[in-house]
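Remarks on the structure that follows.
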Amino acid sequence: MITESTPVLETERLGKRYGHTAALTDCTLRVPAGRIVGLVGPNGAGKSTLLGLTCGVLGPTTGSIEVLGNRPGGDAAQLARVGFVAQDAPVYRGLSVADHLRLGARLNPRWDRSLAERRVGSLGLDPAQKAGRLSGGQRAQLALTIAAAKRAELLILDEPVAALDPLARRAFLRDLLAFVAELGVSVVLSSHLLGDLEQVCDHLIVLAGGRVQLAGDVDDLLAVHHRVSGALPAGAERVHEEVVRCAAAPPGARPVDLEELGLAYMTRAAVASIGGAA
Amino acid sequence: MIWLTWRQFRTQARVAAAALAAIAVYLVYLGSRIRDDYKGVLGCRPSDCGTTRHNFDESYTGPLMIAGLLLLAAPALIGMFWGAPLITREVEERTDRLVWNQSLTRTRWLVTKLVVLALVSAAVTGLFSLLLTWNATRYDQFIGNRFGALNFASRNVVPLGYAVFAFVLGTVIGLVVRRTLVAMALTLAVFAVVQLLVPTLVREHLMTPVTATVAFDEVTPSRSDLLAVNDRGATIIGYTMAGTWSLTDEAKVLNADGTPYTSQQATACDKSSPTGGVACMARQNLHFSYTYQPADRYWPFQWIELCMYLAVTLLLAAFGLWWIRRRSG
């Protein structure tokens with residue numbers, strides 16, 4: 001049973017290598033329950049690897065990972081507790097929307113049929129339509145519906161809006177927020193654009209070069225980061241250009257928004273990697 | 001899960017059913033013609049029995065050989081089109097990410113797929129084999145070559161073993177190589193090599209052959225391909241005792257005391273006509289050695305080979321399950 005104290009995700013020096021390439025290095029995280037977690041990083045930062053490890057599609061090379069207090073993907077019970085929508089929302093092209101709902105119902109003991117049917121109805125999806133003929137947005141919605149009606153405790157969405165146009169993006173995220181509140185699940189969603197996640201997430205993880213650059217609840221992060229022009233105040237650490245980290249706001253500091261903050265850490269990591277390579 | 005397995009397999013099942021129906025119609029038609037003609041062979045007048053028998057052989061050897069080859073090809077097709085894409089298609093369409101994140105383990109997903117579809121493979125091939133076996137009964141009795149490589153492999157129970165093996169082989173190759181075309185090509189190649197090696201190198205050793213001393217009599221040459229008499233003595237080539245599986249390509253004809261029958265003896269015996277020569281040889285108490293598998297071992301051979309294929313199939317499936325679990329860990 002999940003309690004307030006059981007973290008949704010807890011990793012300890014987690015690492016994953018593909019041959020000689022390290023996709024994820026020394027990743028130590030603790031994400032409390034009930035958060036909407038934004039996982040942000042440039043392409044190739046290791047976001048999909050981290051999400052794959054979280055749902056158990058991948059196994060770690062080093063370190064440990066616990067999801068809802070258990071080994072990810074270990075058994076049917078654990079699989080039932082985590083819903084996963086992979087990048088580009090893969091669905092069976094030859095099966096109809098109704099077939100997908102039947103698939104969900106047959107393969108998930110906690111399947112919420114009325115939720116699934118309500119969502120398909122409100123999204124205006126034709127149950128007889130073949131999934132291969134759906135638009136990108138509709139496909140993402142169908143995949144999300146299957147993951148949601150599974151009644152998991154944690155929903156993982158890998159780049160859910162990457163293939164959508166800006167209008168569909170906004171609709172998708174607004175809809176996501178509404179029913180996440182209704183279901184009371186924790187959510188992890190990744191994107192290479194912070195702008196997408198800014199309005200929805202209350203916990204942020206910035207990943208770059210396979211390493212965690214920044215992680216924490218959004219409010220806490222915003223409280224300790226500031227925009228300062230000119231000299232670095234005492235006790236502060238410069239992240240990148242004007243963005244600095246220090247516990248109390250120095251005089252004359254302006255607040256920083258989430259997008260700037262993420263960008264500052266990603267830029268710092270990119271600069272460091274170029275510096276390291278040179 | 002059984003529902004999903006069936007739902008994803010529906011199109012292939014329809015294709016298989018249609019193909020099987022077409023083959024069934026043809027085989028029933030051919031089978032009834034064989035039965036009619038066989039009555040003619042049995043009730044032939046002595047004067048034209050030779051022609052009737054020859055015609056019977058001529059008319060049905062071709063069609064039955066083609067049907068037999070089709071039945072041999074069926075498992076290869078099952079392995080390539082049902083087995084190989086089973087996992088590669090999921091990987092290529094990325095739907096493995098969808099289905100392996102529902103509330104069931106990959107192990108259970110694979111077990112269900114393997115069991116259901118292996119049963120379908122066995123059923124399809126079994127039905128085909130049943131039809132062909134029934135169809136060819138009279139012809140097989142007439143020719144009496146049940147151990148022939150093609151005949152043995154395309155009758156009774158062994159085709160079921162081939163089908164199940166080919167299906168699981170294709171699936172496991174697909175699981176390892178993860179690309180449809182490569183998996184299909186590899187499945188065909190491996191299955192073809194196995195189907196060549198088993199009849200040529202393995203099958204005859206499944207039971208210890210019997211070696212007997214056979215007396216040379218007047219019908220011996222008619223059961224052989226050739227009786228050669230030269231400086232090195234007399235040799236029988238390709239002798240087959242009725243209904244048995246001959247493992248003797250050629251055998252020296254020996255005298256009663258075990259010494260080789262020489263060409264001098266043959267010349268002395270020969271009264272210038274070949275039949276006279278044979279009749280003369282038959283009177284001289286000659287013998288030769290014959291190694292073979294007896295006719296009553298036909299069914300043991302069928303069952304042993306079936307079990308052998310099923311055992312290898314189980315090993316392959318166990319490997320596949322280990323592999324799919326290992327990939328997640």
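Each chain of the structure tokens is named A, B, ... in the order shown, its residues numbered from 1; ligands are numbered from 1 in display order.
Every residue of chain A that lies within 6 Å of chain B is listed here, counting only C-alpha atoms: Val57, Leu58, Gly59, Ala76, Leu79, Ala80, Pro90, Val91, Leu107 and Asn108 of chain A.
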Selection to disk with N, CA and C atoms, as a PDB file, in the first residue's frame:
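Written out: again.pdb:
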ATOM      1  N   VAL A  57      10.899  -1.440 -18.288  1.00  0.00           N
ATOM      2  CA  VAL A  57      11.205  -1.885 -19.644  1.00  0.00           C
ATOM      3  C   VAL A  57      12.712  -2.134 -19.762  1.00  0.00           C
ATOM      4  N   LEU A  58      13.477  -1.338 -19.022  1.00  0.00           N
ATOM      5  CA  LEU A  58      14.932  -1.500 -19.004  1.00  0.00           C
ATOM      6  C   LEU A  58      15.363  -1.922 -17.598  1.00  0.00           C
ATOM      7  N   GLY A  59      16.532  -2.554 -17.529  1.00  0.00           N
ATOM      8  CA  GLY A  59      17.101  -2.874 -16.228  1.00  0.00           C
ATOM      9  C   GLY A  59      18.340  -2.032 -16.017  1.00  0.00           C
ATOM     10  N   ALA A  76       3.410  -8.903 -11.991  1.00  0.00           N
ATOM     11  CA  ALA A  76       2.161  -8.354 -12.524  1.00  0.00           C
ATOM     12  C   ALA A  76       1.595  -7.273 -11.598  1.00  0.00           C
ATOM     13  N   LEU A  79       3.435  -4.116 -12.225  1.00  0.00           N
ATOM     14  CA  LEU A  79       3.068  -3.583 -13.542  1.00  0.00           C
ATOM     15  C   LEU A  79       1.708  -2.896 -13.481  1.00  0.00           C
ATOM     16  N   ALA A  80       0.807  -3.448 -12.651  1.00  0.00           N
ATOM     17  CA  ALA A  80      -0.543  -2.874 -12.545  1.00  0.00           C
ATOM     18  C   ALA A  80      -0.514  -1.504 -11.880  1.00  0.00           C
ATOM     19  N   PRO A  90       2.727   4.577 -29.003  1.00  0.00           N
ATOM     20  CA  PRO A  90       2.456   3.467 -29.908  1.00  0.00           C
ATOM     21  C   PRO A  90       1.130   2.767 -29.592  1.00  0.00           C
ATOM     22  N   VAL A  91       0.380   2.480 -30.657  1.00  0.00           N
ATOM     23  CA  VAL A  91      -0.856   1.694 -30.525  1.00  0.00           C
ATOM     24  C   VAL A  91      -0.858   0.684 -31.680  1.00  0.00           C
ATOM     25  N   LEU A 107      -6.380  -7.136 -19.955  1.00  0.00           N
ATOM     26  CA  LEU A 107      -5.021  -7.287 -19.434  1.00  0.00           C
ATOM     27  C   LEU A 107      -4.799  -6.566 -18.106  1.00  0.00           C
ATOM     28  N   ASN A 108      -5.830  -5.889 -17.611  1.00  0.00           N
ATOM     29  CA  ASN A 108      -5.644  -5.143 -16.366  1.00  0.00           C
ATOM     30  C   ASN A 108      -6.763  -5.465 -15.382  1.00  0.00           C
TER      31      ASN A 108
END
_Please return, as an MDAnalysis selection string, all residues of segment 29-274 of chain B that DSSP assigns to helix (DSSP H, G or I) on the basis of the backbone._
chainID B and resid 29:42 46:92 96:99 106:143 149:153 158:177 180:205 221:223 263:269 274
*asked:* Set the distance at 12 Å and use only C-alpha atoms: which residues neighbour Ala189 of chain B once local chain neighbours fewer than 4 positions away are removed? I'd like the list as a list of chain:residue names.
replied: B:Ala76, B:Leu77, B:Gly79, B:Met80, B:Ala166, B:Leu169, B:Gly170, B:Ile173, B:Val182, B:Ala183, B:Met184, B:Ala185, B:Val193, B:Val194, B:Gln195, B:Leu196
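Residues with any atom within 10 Å of Gly40 of chain B, counting only C-alpha atoms and excluding same-chain neighbours fewer than 4 positions away, are Ile34, Arg35, Asp36, Cys44, Arg45, Cys49, Thr52, Arg53 and Phe56 of chain B.
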*Which neighbours of Gln141 of chain A fall inside 12 Å, counting only C-alpha atoms, when residues of the same chain fewer than 5 positions from it are skipped, and could you give them as a count of residues only?*
34
*asked:* My list of candidates is B:Arg179, B:Lys39, B:Arg203, B:Arg232. Which is closest to Leu247 of chain B when distances are computed with only C-alpha atoms?
replied: B:Arg203
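By only C-alpha atoms, and with residues fewer than 3 positions from Leu204 of chain A along its chain excluded, the set lying at most 10 Å from it is Val31, Arg35, Ile36, Val37, Gly38, Leu39, Val40, Val188, Leu189, Ser190, Leu194, Leu197, Glu198, Cys201, Leu207, Leu214, Ala215, Gly216, Asp217, Val218, Asp219, Leu221, Leu258 and Gly262 of chain A.
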Could the residues in this selection be written to a file with N, CA and C atoms, as a PDB file, in the first residue's frame?
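Written output follows (again-v2.pdb):
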ATOM      1  N   VAL A  31      11.474  11.214  -5.342  1.00  0.00           N
ATOM      2  CA  VAL A  31      10.285  11.966  -5.724  1.00  0.00           C
ATOM      3  C   VAL A  31       9.140  11.557  -4.809  1.00  0.00           C
ATOM      4  N   ARG A  35       2.967  14.015  -6.758  1.00  0.00           N
ATOM      5  CA  ARG A  35       3.499  15.116  -7.550  1.00  0.00           C
ATOM      6  C   ARG A  35       3.212  14.916  -9.037  1.00  0.00           C
ATOM      7  N   ILE A  36       3.219  16.019  -9.738  1.00  0.00           N
ATOM      8  CA  ILE A  36       3.300  15.962 -11.191  1.00  0.00           C
ATOM      9  C   ILE A  36       4.713  16.378 -11.544  1.00  0.00           C
ATOM     10  N   VAL A  37       5.483  15.404 -11.974  1.00  0.00           N
ATOM     11  CA  VAL A  37       6.910  15.621 -12.141  1.00  0.00           C
ATOM     12  C   VAL A  37       7.211  15.943 -13.599  1.00  0.00           C
ATOM     13  N   GLY A  38       7.890  17.043 -13.813  1.00  0.00           N
ATOM     14  CA  GLY A  38       8.369  17.363 -15.145  1.00  0.00           C
ATOM     15  C   GLY A  38       9.818  16.909 -15.271  1.00  0.00           C
ATOM     16  N   LEU A  39      10.077  16.067 -16.253  1.00  0.00           N
ATOM     17  CA  LEU A  39      11.443  15.601 -16.496  1.00  0.00           C
ATOM     18  C   LEU A  39      11.917  16.274 -17.769  1.00  0.00           C
ATOM     19  N   VAL A  40      12.884  17.161 -17.619  1.00  0.00           N
ATOM     20  CA  VAL A  40      13.272  17.997 -18.743  1.00  0.00           C
ATOM     21  C   VAL A  40      14.738  17.804 -19.069  1.00  0.00           C
ATOM     22  N   VAL A 188       4.705  11.362 -13.996  1.00  0.00           N
ATOM     23  CA  VAL A 188       6.008  11.824 -14.469  1.00  0.00           C
ATOM     24  C   VAL A 188       5.864  12.044 -15.960  1.00  0.00           C
ATOM     25  N   LEU A 189       6.130  13.249 -16.423  1.00  0.00           N
ATOM     26  CA  LEU A 189       6.110  13.441 -17.870  1.00  0.00           C
ATOM     27  C   LEU A 189       7.365  14.154 -18.333  1.00  0.00           C
ATOM     28  N   SER A 190       7.854  13.711 -19.468  1.00  0.00           N
ATOM     29  CA  SER A 190       9.120  14.264 -19.933  1.00  0.00           C
ATOM     30  C   SER A 190       8.885  15.133 -21.148  1.00  0.00           C
ATOM     31  N   LEU A 194      10.790  22.948 -21.738  1.00  0.00           N
ATOM     32  CA  LEU A 194      10.248  23.254 -20.425  1.00  0.00           C
ATOM     33  C   LEU A 194       8.924  23.990 -20.534  1.00  0.00           C
ATOM     34  N   LEU A 197       5.852  21.997 -19.940  1.00  0.00           N
ATOM     35  CA  LEU A 197       5.565  21.415 -18.637  1.00  0.00           C
ATOM     36  C   LEU A 197       5.322  22.462 -17.569  1.00  0.00           C
ATOM     37  N   GLU A 198       5.752  23.687 -17.879  1.00  0.00           N
ATOM     38  CA  GLU A 198       5.748  24.753 -16.896  1.00  0.00           C
ATOM     39  C   GLU A 198       4.407  24.893 -16.197  1.00  0.00           C
ATOM     40  N   CYS A 201       3.573  21.053 -14.067  1.00  0.00           N
ATOM     41  CA  CYS A 201       4.320  20.263 -13.090  1.00  0.00           C
ATOM     42  C   CYS A 201       4.586  21.026 -11.791  1.00  0.00           C
ATOM     43  N   LEU A 207      17.629  16.991 -16.534  1.00  0.00           N
ATOM     44  CA  LEU A 207      18.609  15.972 -16.885  1.00  0.00           C
ATOM     45  C   LEU A 207      19.409  16.488 -18.070  1.00  0.00           C
ATOM     46  N   LEU A 214      19.381  19.117 -11.681  1.00  0.00           N
ATOM     47  CA  LEU A 214      18.564  19.830 -10.710  1.00  0.00           C
ATOM     48  C   LEU A 214      17.331  18.988 -10.448  1.00  0.00           C
ATOM     49  N   ALA A 215      16.924  18.880  -9.185  1.00  0.00           N
ATOM     50  CA  ALA A 215      15.705  18.137  -8.866  1.00  0.00           C
ATOM     51  C   ALA A 215      15.089  18.684  -7.608  1.00  0.00           C
ATOM     52  N   GLY A 216      13.768  18.810  -7.609  1.00  0.00           N
ATOM     53  CA  GLY A 216      13.095  19.274  -6.400  1.00  0.00           C
ATOM     54  C   GLY A 216      11.701  19.785  -6.699  1.00  0.00           C
ATOM     55  N   ASP A 217      10.953  20.083  -5.630  1.00  0.00           N
ATOM     56  CA  ASP A 217       9.634  20.672  -5.808  1.00  0.00           C
ATOM     57  C   ASP A 217       9.802  22.076  -6.386  1.00  0.00           C
ATOM     58  N   VAL A 218       8.903  22.420  -7.292  1.00  0.00           N
ATOM     59  CA  VAL A 218       9.034  23.676  -8.023  1.00  0.00           C
ATOM     60  C   VAL A 218       9.105  24.879  -7.080  1.00  0.00           C
ATOM     61  N   ASP A 219       8.214  24.890  -6.088  1.00  0.00           N
ATOM     62  CA  ASP A 219       8.192  26.036  -5.167  1.00  0.00           C
ATOM     63  C   ASP A 219       9.526  26.189  -4.439  1.00  0.00           C
ATOM     64  N   LEU A 221      12.433  25.120  -5.439  1.00  0.00           N
ATOM     65  CA  LEU A 221      13.479  25.511  -6.390  1.00  0.00           C
ATOM     66  C   LEU A 221      13.402  27.016  -6.682  1.00  0.00           C
ATOM     67  N   LEU A 258      10.361  29.288 -14.117  1.00  0.00           N
ATOM     68  CA  LEU A 258      10.792  27.889 -14.226  1.00  0.00           C
ATOM     69  C   LEU A 258      11.542  27.623 -15.535  1.00  0.00           C
ATOM     70  N   GLY A 262      15.337  26.115 -15.688  1.00  0.00           N
ATOM     71  CA  GLY A 262      15.717  24.876 -16.378  1.00  0.00           C
ATOM     72  C   GLY A 262      16.760  25.140 -17.442  1.00  0.00           C
TER      73      GLY A 262
END
*asked:* Residues of segment 136-265 of chain A classed as strand (DSSP E) by DSSP on the backbone are to be reported as a count of residues only.
replied: 35
*Could you tell me which of A:Glu159, A:Asp220, A:Glu10, A:Asp165 comes closest to Arg245 of chain A if we count only C-alpha atoms?*
A:Asp220
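The spacing separating atom CA of His240 of chain A from atom CA of Arg170 of chain A amounts to 29.4 Å.
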